[in-house]
Amino acid sequence: MAATARVAIMLRQLLCVSFLLAGVTGFSPAFVPTSTSVQFGLKSTLADTSSTTALSMSAGPYKKVFVAGGSKGVGRSVIDKLVGEGSEVVALVRSDEAVADLSSIDGVTAVQGDAFDYKTVEGAMDGCDAAITTLGGSTEDDGKRVDYTGNANVIEAAGILGVVRLVLVTSIGCGSSKEAAPPSVFEVLKEVLAAKEKAENVLIKYYTNMNWTIIRPGGLKSEPMTNQAILTEDVKAIGSIHREDVADLVVKALVSPNTERKVLSAFDPSITSTAAVEGLEIEAFALT
């Protein structure tokens with residue numbers, strides 16, 4: 001067996017031990033879209049928003065990006081934006097329909113497989129120099145959630161393969177942003193948020209040599225982007241955001257050195273929400 005192969009196996013064994021030790025559970029609320037009939041009552045400091053919106057993107061150092069969760073929603077928009085900026089994309093998707101859809105796009109390689117299977121994730125990611133995961137929602141018969149297991153597989157594969165740039169998309173309500181969401185929302189979504197938070201903790205605690213970014217969107221809406229959404233380090237931030245705006249911020253964050261090893265919430269201050277704290281001033285995070 002080649003020395004490099006032995007090293008890879010040893011690393012994976014060590015990482016597996018780390019994962020077993022990382023049985024961190026979190027119980028935190030998640031934000032869901034609420035009525036837009038009430039004014040936000042939330043003022044954002046938008047001094048840096050124009051530069052964020054106008055950030056000039058390029059493929060940068062990341063020529064080939066792995067995307068998990070790209071069959072729909074935020075992940076699908078992420079793929080469109082990466083291709084538009086000149087990156088090659090390898091997308092791991094499960095359905096025949098998603099494979100057919102993505103395979104029709106120049107610059108996209110669609111790999112059919114399940115993120116619950118580690119070897120599938122590793123095989124699809126091999127050869128990429130950055131990774132983005134927006135996985136969430138599905139559950140196996142044994143109760144495992146892709147929010148943790150799938151995301152943990154992406155994180156582990158990135159570590160094994162030397163993919164040192166990774167963006168993990170979770171949700172407001174995870175970890176330090178627990179108090180941002182109403183208690184009623186926490187009760188409904190606590191299991192989902194706990195799984196996402198476990199994935200965050202694995203990335204933060206055990207991948208200290210990786211340039212990671214965690215982005216926590218607020219309540220997701222499927223409407224055209226407003227170009228007004230922001231990232232912030234303020235853990236009290238909450239509000240709604242369109243999926244396309246989340247994707248835009250994710251792709252910009254990927255090539256922004258400012259976001260490395262940062263946990264950021266994402267919301268749109270131009271969208272009214274009853275969940276927002278009236279009079280709370282939120283400072284936008286500068287991507288440049």
# chains A, B, ... in the order shown; residues from 1 in each chain; ligands from 1
>>> select_by_dssp(residues="region 192-284 of chain A", states="strand (DSSP E or B)", output="list of chain:residue names")
A:Asn211, A:Trp212, A:Thr213, A:Ile214, A:Ile215, A:Arg216, A:Pro217, A:Gly219, A:Leu220, A:Lys221, A:Ile230, A:Leu231, A:Thr232, A:Ser240, A:Ile241, A:His242, A:Lys262, A:Val263, A:Leu264, A:Ser265, A:Ala266, A:Phe267, A:Glu281, A:Ile282, A:Glu283
>>> select_by_dssp(residues="region 74-284 of chain A", states="helix (DSSP H, G or I)", output="PyMOL selection string")
chain A and resi 74-84+96-103+118-125+149-161+175-180+183-206+243-254+257-259
>>> residues_around(residues="Ala275 (chain A)", least_positions_apart="4", cutoff="8 Å", atoms="only C-alpha atoms", output="PyMOL selection string")
chain A and resi 34+181-182+238-239
>>> atom_distance(atom1="CA of Tyr118 (chain A)", atom2="CA of Leu135 (chain A)")
13.9 Å
>>> residues_around(residues="Arg216 (chain A)", least_positions_apart="2", cutoff="10 Å", atoms="only C-alpha atoms", output="PyMOL selection string")
chain A and resi 30+168-174+177+213-214+218-219+231-232+235+238+246+263-267
>>> atom_distance(atom1="CA of Glu156 (chain A)", atom2="CA of Thr208 (chain A)")
12.4 Å
>>> residues_around(residues="Lys221 (chain A)", least_positions_apart="4", cutoff="8 Å", atoms="only C-alpha atoms", output="VMD selection string")
chain A and resid 33 240 to 243
>>> closest_residue(among="A:Asp126, A:Asp80, A:Glu197, A:Glu85", to="Val255 (chain A)", atoms="only C-alpha atoms")
A:Glu85
>>> residues_around(residues="Ile105 (chain A)", least_positions_apart="5", cutoff="12 Å", atoms="only C-alpha atoms", output="list in words")
Arg76, Ile79, Asp80, Lys81, Leu82, Val83, Gly84, Glu88, Val89, Val90, Ala91, Ala98, Val99, Ala100 and Ala110 of chain A
>>> atom_distance(atom1="CA of Asp234 (chain A)", atom2="CA of Arg145 (chain A)")
27.6 Å
>>> residues_around(residues="region 71-73 of chain A", least_positions_apart="5", cutoff="9 Å", atoms="only C-alpha atoms", output="ChimeraX atom specification")
/A:78,91-95,97-99,101-102,134,222,243-244,247
>>> write_last_selection(atoms="N, CA, C and O atoms", output="mmCIF file, in the first residue's frame")
data_model
loop_
_atom_site.group_PDB
_atom_site.id
_atom_site.type_symbol
_atom_site.label_atom_id
_atom_site.label_comp_id
_atom_site.auth_asym_id
_atom_site.auth_seq_id
_atom_site.Cartn_x
_atom_site.Cartn_y
_atom_site.Cartn_z
ATOM 1 N N VAL A 78 -27.124 28.575 -5.868
ATOM 2 C CA VAL A 78 -25.674 28.628 -5.696
ATOM 3 C C VAL A 78 -24.977 28.109 -6.954
ATOM 4 O O VAL A 78 -24.012 28.710 -7.441
ATOM 5 N N ALA A 91 -21.934 18.715 -8.604
ATOM 6 C CA ALA A 91 -23.114 18.715 -7.747
ATOM 7 C C ALA A 91 -23.522 17.296 -7.396
ATOM 8 O O ALA A 91 -23.731 16.463 -8.287
ATOM 9 N N LEU A 92 -23.649 17.012 -6.099
ATOM 10 C CA LEU A 92 -24.120 15.715 -5.642
ATOM 11 C C LEU A 92 -25.625 15.802 -5.414
ATOM 12 O O LEU A 92 -26.085 16.570 -4.560
ATOM 13 N N VAL A 93 -26.393 15.035 -6.185
ATOM 14 C CA VAL A 93 -27.851 15.051 -6.086
ATOM 15 C C VAL A 93 -28.375 13.621 -6.114
ATOM 16 O O VAL A 93 -27.695 12.708 -6.582
ATOM 17 N N ARG A 94 -29.620 13.442 -5.654
ATOM 18 C CA ARG A 94 -30.146 12.079 -5.543
ATOM 19 C C ARG A 94 -31.057 11.661 -6.694
ATOM 20 O O ARG A 94 -31.048 10.510 -7.096
ATOM 21 N N SER A 95 -31.877 12.564 -7.184
ATOM 22 C CA SER A 95 -32.922 12.161 -8.120
ATOM 23 C C SER A 95 -32.470 12.185 -9.575
ATOM 24 O O SER A 95 -31.562 12.923 -9.955
ATOM 25 N N GLU A 97 -34.249 13.345 -11.940
ATOM 26 C CA GLU A 97 -34.654 14.644 -12.471
ATOM 27 C C GLU A 97 -33.585 15.702 -12.231
ATOM 28 O O GLU A 97 -33.281 16.508 -13.112
ATOM 29 N N ALA A 98 -33.008 15.688 -11.031
ATOM 30 C CA ALA A 98 -31.968 16.666 -10.705
ATOM 31 C C ALA A 98 -30.721 16.431 -11.552
ATOM 32 O O ALA A 98 -30.080 17.381 -12.009
ATOM 33 N N VAL A 99 -30.366 15.176 -11.763
ATOM 34 C CA VAL A 99 -29.205 14.858 -12.596
ATOM 35 C C VAL A 99 -29.427 15.373 -14.016
ATOM 36 O O VAL A 99 -28.545 15.994 -14.618
ATOM 37 N N ASP A 101 -31.469 17.755 -15.023
ATOM 38 C CA ASP A 101 -31.518 19.221 -15.016
ATOM 39 C C ASP A 101 -30.120 19.817 -14.980
ATOM 40 O O ASP A 101 -29.753 20.659 -15.805
ATOM 41 N N LEU A 102 -29.312 19.362 -14.045
ATOM 42 C CA LEU A 102 -27.986 19.951 -13.860
ATOM 43 C C LEU A 102 -27.011 19.554 -14.963
ATOM 44 O O LEU A 102 -26.118 20.328 -15.311
ATOM 45 N N THR A 134 -25.491 22.945 1.434
ATOM 46 C CA THR A 134 -26.754 23.528 1.876
ATOM 47 C C THR A 134 -27.719 22.414 2.289
ATOM 48 O O THR A 134 -28.933 22.619 2.310
ATOM 49 N N SER A 222 -39.259 32.067 -1.395
ATOM 50 C CA SER A 222 -38.953 31.777 -2.794
ATOM 51 C C SER A 222 -39.487 32.883 -3.690
ATOM 52 O O SER A 222 -40.506 32.724 -4.361
ATOM 53 N N ARG A 243 -34.328 33.020 -1.058
ATOM 54 C CA ARG A 243 -33.327 31.981 -1.292
ATOM 55 C C ARG A 243 -32.243 32.433 -2.261
ATOM 56 O O ARG A 243 -31.064 32.118 -2.095
ATOM 57 N N GLU A 244 -32.621 33.168 -3.285
ATOM 58 C CA GLU A 244 -31.635 33.624 -4.260
ATOM 59 C C GLU A 244 -30.659 34.610 -3.634
ATOM 60 O O GLU A 244 -29.473 34.643 -3.993
ATOM 61 N N ALA A 247 -28.110 32.568 -1.688
ATOM 62 C CA ALA A 247 -27.115 32.011 -2.617
ATOM 63 C C ALA A 247 -26.110 33.068 -3.042
ATOM 64 O O ALA A 247 -24.900 32.797 -3.135
#
>>> closest_residue(among="A:Lys198, A:Arg165, A:Lys119, A:Lys236", to="Glu179 (chain A)", atoms="only C-alpha atoms")
A:Lys236
>>> closest_residue(among="A:Val65, A:Ala180, A:Ala229, A:Ala237", to="Ala158 (chain A)", atoms="only C-alpha atoms")
A:Val65
